[in-house]
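What follows is a single structure, written as structure tokens, with notes after it.
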Number of protein chains: 2
Amino acid sequence: MLCVVKSTRWLSDDEQKVWRTYLLANQLLWAALDRQLQRDAGMPHAYYMILAMLSEAPNRELTMSQLARMVGSSPSRLSHAVSRLEQAGWVRRRKHDTDGRTTVASLTDDGFAVLAAAAPGHVEEVRSILFDPLTPEQVEQLGAIVAAIVAPNDGRAPHL
Amino acid sequence: MLCVVKSTRWLSDDEQKVWRTYLLANQLLWAALDRQLQRDAGMPHAYYMILAMLSEAPNRELTMSQLARMVGSSPSRLSHAVSRLEQAGWVRRRKHDTDGRTTVASLTDDGFAVLAAAAPGHVEEVRSILFDPLTPEQVEQLGAIVAAIVAPNDGRAPHL
DNA sequence: GGCGGAAAGTTGAACTCTCAACCATCATCG
DNA sequence: CGATGATGGTTGAGAGTTCAACTTTCCGCC
């Protein structure tokens, strides 16, 4: 056992159990989500989120920075992802009109179509795995919990 | 907006918000965890979990299947990971005595040392990101919530 | 005994992600 | 005006993951 090693603030047995179960739940969720999206839309969840964010933006376009913040990606990751999406014809890139540094990504009609096709199945999956097993009170509690976890990083864009 | 597209069981505004915040909290957690472990132990969280599970097992060894179930990996992923860990000298592989199909992975002394060195920092990270921001009631609630999410897959080994 | 299928693992290729290095453009200030 | 630093983004290499195909071994049954 490791817990004899030093005086650290180890997790209590209860905390340990919550943590381990959390990890398991998470893996279940991601595995199911990624598999569903890969099967039905041919893309991982991160890419789906990019399309989703673009679809809700005014004029269906956002700068790379905005996008990166919204989906919680590093600039690099986003750049690679958008390259891929562009290559698939779902997103287009162009230079910003007034600021030569920034590039704007916009959702194409094809991209929107793919998103629209994938969305129902995706929502159904989220619902069946996350929301259906929970009572309304638990959903509310979960909302407060995740809010509390995110809160310390309220300073926007936690340089992920 | 996508929600005009079809009659799906879309998420309510509240559910939507919980879901988005959950995604963000998750990303924060993983990013911090992976960065801390990469920095302090030179391995991603998935690898840490493998060492951790082995360290708690009787005689510090487990079959690949057992290990895969415990850490929630696909056989392939685990095989690649263990190859890497073996190459680092932290894990050893050998054939099972009586069943020629199965291979057992065991934690080396070096592996245990690396784990012991990384553990305190890791626990501290988990604590500061997940448990510290939560009240004791919330921790309890979270426990119930993740248990409810995992429960439907009680049938062990959800073929991840 | 031998055959068919299940179980346990491994492998290779394609893909995604991370990390560090890098380029270009804007802002500011002497 | 021109240097300096900050901002926005991209690139390439290396590491990790996924997916499908494959091998080997075990089990049950004719």
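We label chains A, B, ... in the order they appear in the structure tokens, count residues from 1 in each chain, and number ligands from 1 in the order shown.
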All helix (DSSP H, G or I) positions in chain B, as a VMD selection string: chain B and resid 2 to 4 13 to 41 45 to 56 58 to 60 64 to 71 75 to 87 109 to 131 136 to 153
Test item: chain A residues at most 8 Å from chain C, counting only C-alpha atoms (C1' of nucleotides), as a count of residues only: 4
Counting only C-alpha atoms (C1' of nucleotides), give me one row per residue of chain D with an atom at most 8 Å from an atom of chain B, showing the shortest contact pair and its distance in Å to one decimal, sorted by chain then residue number, as CSV.
residue,atom,partner,partner_atom,distance
D:DT17,C1',B:Arg77,CA,6.6
D:DT24,C1',B:Arg101,CA,6.8
D:DT25,C1',B:Arg101,CA,5.1
D:DC26,C1',B:Arg101,CA,7.7
Enumerate, in order of chain and increasing residue number, the residues of chain B with an atom no farther than 6 Å from chain A, each with its shortest atom pair and distance in Å to one decimal, counting only C-alpha atoms, as a Markdown table.
| residue | atom | partner | partner_atom | distance |
| --- | --- | --- | --- | --- |
| B:Val18 | CA | A:Gly143 | CA | 4.9 |
| B:Tyr22 | CA | A:Val146 | CA | 5.5 |
| B:Ala25 | CA | A:Val150 | CA | 5.3 |
| B:Pro133 | CA | A:Ala148 | CA | 5.9 |
| B:Gly143 | CA | A:Val18 | CA | 4.8 |
| B:Val146 | CA | A:Tyr22 | CA | 5.5 |
| B:Ala148 | CA | A:Pro133 | CA | 5.9 |
| B:Ile149 | CA | A:Pro133 | CA | 6.0 |
| B:Val150 | CA | A:Ala25 | CA | 5.3 |
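We find CA of Lys95 in chain B and CA of Thr63 in chain B to be spaced 9.4 Å apart.
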All strand (DSSP E or B) positions in range 6-133 of chain B, as number ranges by chain: B: 61-63, 91-95, 103-107
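For the pair CA of Ser83 in chain A and CA of Asp34 in chain B, the separation is 24.9 Å.
CA of Ala68 in chain B to CA of Thr98 in chain B spans 20.2 Å [interatomic distance, one decimal].
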Spatial neighbours of Met53 in chain A, max dist 10 Å, only C-alpha atoms (C1' of nucleotides), sep filter under 6 positions, as a ChimeraX atom specification: /A:60-62,66-67,70-71,107
